[in-house]
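A.B. asks: The structure under discussion is supplied below as structure tokens; questions concerning it will follow.
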Amino acid sequence: MPEITRYEHGVPSWVDMGTPDLGAGLGFYAELFGWEGQDMGEEAGHYTIVSKAGKQVAAISPAQDQGPPRWTTYINVDDVDVVAKKAESAGGTVIVAPMDVMSAGRMAIFQDTTGAVIAAWQPGEHIGAQLVNEPGAFIWSELVTTDLAKSKAFYSETFGWGWGGADEYAEAQVAGRTIGGVMPRPPEMPADVPDNWTVYFGTADVDGDAKRAADLGATVVVEPTDIPGTGRFAVLIDPQGAAFALFQG
């Protein structure tokens, strides 16, 4: 796939993770996906951008809080300050107020109306992922929510998303193109797990990569499973506790 050079407003453009042990976290994903890390230095808090085939795909950094590690999805926006105000007016909470990230861009982090965390990114020198929808790269983000209607209203007001799909699985859309999924919280999900966005990475062999991840210390939460007419997926928890998923189209 050719290098991506821009994203439309409202389209997921980047994913990153804060983890208690940066070296171990980077080592796990490097073994699993073939990523190569570039530490951006002490000034950037050792934020480490990872690349696949020479193209930036994600980032891993030291954890900034005491909570469990998690992958965060960033939505590309034209004006992060405007979007932060929309998120508040839609009933969300601004966790990290709009701030400059040196010359890379400007960001904010929100908690939506049911408690899931999402971020916004206004690009400067860093446009987001240069490679997506490939093995070892970001391919999809999916929200699990206790109130589907409430979540759809929040994201429509905040990012301008339209909707397709069905009641059991809503598809977030930008300019008629599906860019993410939203599903009701399954009854088997533990009560202490908050509503959340799950980041999916592409794979050419979901069964093989799920086994490889387990061999590297991950826990397979959902075994490789077919989605009729769509593909095959698995959900895992990495050795430090961050959930992520694999998808093979």
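Naming works like this for the structure tokens: A, B, ... for the chains as they're shown, residue 1 at the start of each chain, ligands 1 onward in shown order.
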With only C-alpha atoms counted and 9 Å as the cut-off, give the residues of region 131-219 of chain A in contact with region 47-64 of chain A, each with its shortest interatomic distance in Å and the pair that gives it, as CSV.

C.D. replies:
residue,atom,partner,partner_atom,distance
A:Leu131,CA,A:Val57,CA,5.7
A:Val132,CA,A:Val57,CA,7.0
A:Gly136,CA,A:Lys52,CA,7.0
A:Ala137,CA,A:Val57,CA,5.7
A:Phe138,CA,A:Val57,CA,6.7

A.B. asks: Dump C-alpha atoms for the selected residues as a PDB file, in the first residue's frame?

C.D. replies:
ATOM      1  CA  LEU A 131       0.773   2.584   6.764  1.00  0.00           C
ATOM      2  CA  VAL A 132      -2.625   1.053   7.643  1.00  0.00           C
ATOM      3  CA  GLY A 136       1.397  -5.504  11.444  1.00  0.00           C
ATOM      4  CA  ALA A 137      -0.398  -2.165  11.032  1.00  0.00           C
ATOM      5  CA  PHE A 138      -3.538  -0.562  12.479  1.00  0.00           C
TER       6      PHE A 138
END

A.B. asks: Can you pull out the residues contacting Val182 (chain A)? Cut-off 6 Å, using only C-alpha atoms, and skip same-chain residues under 4 positions away; I want them as an mmCIF file with N, CA and C atoms, in the first residue's frame.

C.D. replies:
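And here is the file that came out, result-v7.cif:
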data_model
loop_
_atom_site.group_PDB
_atom_site.id
_atom_site.type_symbol
_atom_site.label_atom_id
_atom_site.label_comp_id
_atom_site.auth_asym_id
_atom_site.auth_seq_id
_atom_site.Cartn_x
_atom_site.Cartn_y
_atom_site.Cartn_z
ATOM 1 N N GLU A 142 -12.805 -0.452 17.536
ATOM 2 C CA GLU A 142 -14.157 -0.912 17.842
ATOM 3 C C GLU A 142 -14.516 -0.558 19.282
ATOM 4 N N LEU A 143 -15.636 0.103 19.441
ATOM 5 C CA LEU A 143 -16.122 0.500 20.756
ATOM 6 C C LEU A 143 -17.124 -0.513 21.285
ATOM 7 N N TYR A 169 -24.551 -4.092 15.594
ATOM 8 C CA TYR A 169 -23.195 -3.637 15.262
ATOM 9 C C TYR A 169 -23.301 -2.409 14.367
ATOM 10 N N ALA A 170 -23.083 -1.241 14.967
ATOM 11 C CA ALA A 170 -23.174 0.006 14.209
ATOM 12 C C ALA A 170 -21.835 0.314 13.559
#

A.B. asks: At a cut-off of 9 Å, using only C-alpha atoms, what residues contact Gly249 (chain A)? Leave out same-chain residues fewer than 3 positions from it and give the result as a PyMOL selection string.

C.D. replies: chain A and resi 202-204+230-233

A.B. asks: Counting only C-alpha atoms, which residue out of A:Pro12, A:Pro135, A:Gly160, A:Pro123 sits closest to Lys86 (chain A)?

C.D. replies: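 Closest residue, counting only C-alpha atoms: A:Gly160.
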
A.B. asks: Rounded to one decimal place, report the CA of Gln240 (chain A)-CA of Ile118 (chain A) distance in Å.

C.D. replies: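 Computing the Euclidean distance for CA of Gln240 (chain A) and CA of Ile118 (chain A) yields 20.6 Å.
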
A.B. asks: Compile the contact shell of Ala242 (chain A) as an MDAnalysis selection string: residues with an atom at most 9 Å away, counting only C-alpha atoms, same-chain residues fewer than 4 positions apart removed.

C.D. replies: chainID A and resid 17 19 68:71 236:238

A.B. asks: Grab the residues selected above and save them as a short mmCIF file (atom, residue, chain, number, x, y, z; two decimals), in the first residue's frame with N, CA and C atoms.

C.D. replies:
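Once written, part27.cif looks like this:
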data_model
loop_
_atom_site.label_atom_id
_atom_site.label_comp_id
_atom_site.auth_asym_id
_atom_site.auth_seq_id
_atom_site.Cartn_x
_atom_site.Cartn_y
_atom_site.Cartn_z
N MET A 17 0.24 3.48 22.92
CA MET A 17 0.03 2.78 24.18
C MET A 17 1.07 3.24 25.20
N THR A 19 2.86 2.00 28.64
CA THR A 19 3.07 0.70 29.27
C THR A 19 4.09 0.81 30.39
N PRO A 68 -4.36 0.51 34.29
CA PRO A 68 -3.86 -0.55 33.42
C PRO A 68 -3.46 0.01 32.06
N PRO A 69 -2.44 -0.56 31.43
CA PRO A 69 -2.03 -0.07 30.10
C PRO A 69 -3.14 -0.28 29.09
N ARG A 70 -3.21 0.58 28.09
CA ARG A 70 -4.25 0.43 27.07
C ARG A 70 -3.79 1.08 25.77
N TRP A 71 -4.28 0.54 24.69
CA TRP A 71 -4.10 1.16 23.39
C TRP A 71 -5.14 2.26 23.23
N LEU A 236 -6.72 -10.41 22.35
CA LEU A 236 -5.66 -10.82 23.25
C LEU A 236 -5.38 -9.74 24.29
N ILE A 237 -4.67 -10.14 25.33
CA ILE A 237 -4.13 -9.20 26.31
C ILE A 237 -2.62 -9.40 26.33
N ASP A 238 -1.87 -8.34 26.10
CA ASP A 238 -0.42 -8.47 26.03
C ASP A 238 0.17 -8.77 27.42
#

A.B. asks: Using only C-alpha atoms, which protein or nucleic acid residues come within 7 Å of Thr113 (chain A)? Drop anything in the same chain fewer than 2 positions from it, and give the result as number ranges by chain.

C.D. replies: A: 91-92, 111, 115, 151, 154

A.B. asks: May I have the residues within 12 Å of Gly164 (chain A) as a list in words, using only C-alpha atoms and disregarding those fewer than 3 positions away in the same chain?

C.D. replies: Lys152, Trp161, Asp167, Glu168, Tyr169, Ala170, Glu171, Ala172, Gln173, Val174, Ala175, Gly176, Arg177, Thr178, Ile179, Gly180, Gly181 and Val182 of chain A

A.B. asks: Counting only C-alpha atoms, which residue out of A:Phe159, A:Asp100, A:Pro239, A:Asn196 sits closest to Ala214 (chain A)?

C.D. replies: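 Among A:Phe159, A:Asp100, A:Pro239, A:Asn196, it is A:Pro239 that comes nearest to Ala214 (chain A).
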
A.B. asks: Could you tell me how far CA of Asp112 (chain A) sits from CA of Asp147 (chain A), in Å to one decimal place?

C.D. replies: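 CA of Asp112 (chain A) lies at a distance of 11.2 Å from CA of Asp147 (chain A).
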
A.B. asks: Could you check how far CA of Ala90 (chain A) sits from CA of Ala149 (chain A), in Å to one decimal?

C.D. replies: 12.9 Å

A.B. asks: Give the alpha helix (DSSP H) residues of region 83-169 of chain A, as assigned by DSSP on the backbone, as a VMD selection string.

C.D. replies: chain A and resid 83 to 89 148 to 159

A.B. asks: Next, write the just-selected residues to a file, as a CSV table (one decimal), in the first residue's frame, keeping C-alpha atoms as the atom set.

C.D. replies:
chain,number,residue,atom,x,y,z
A,83,VAL,CA,-13.6,19.3,19.0
A,84,ALA,CA,-12.9,19.4,22.7
A,85,LYS,CA,-15.7,21.9,23.2
A,86,LYS,CA,-18.0,19.7,21.2
A,87,ALA,CA,-17.0,16.7,23.3
A,88,GLU,CA,-17.9,18.6,26.5
A,89,SER,CA,-21.2,19.9,25.1
A,148,LEU,CA,-25.3,2.2,21.9
A,149,ALA,CA,-27.7,5.1,21.2
A,150,LYS,CA,-26.0,7.3,23.7
A,151,SER,CA,-22.6,6.6,22.3
A,152,LYS,CA,-23.7,7.2,18.7
A,153,ALA,CA,-25.1,10.6,19.7
A,154,PHE,CA,-21.8,11.5,21.4
A,155,TYR,CA,-19.6,10.6,18.5
A,156,SER,CA,-21.9,12.2,16.0
A,157,GLU,CA,-21.8,15.5,17.8
A,158,THR,CA,-18.1,15.4,18.6
A,159,PHE,CA,-16.6,14.1,15.3
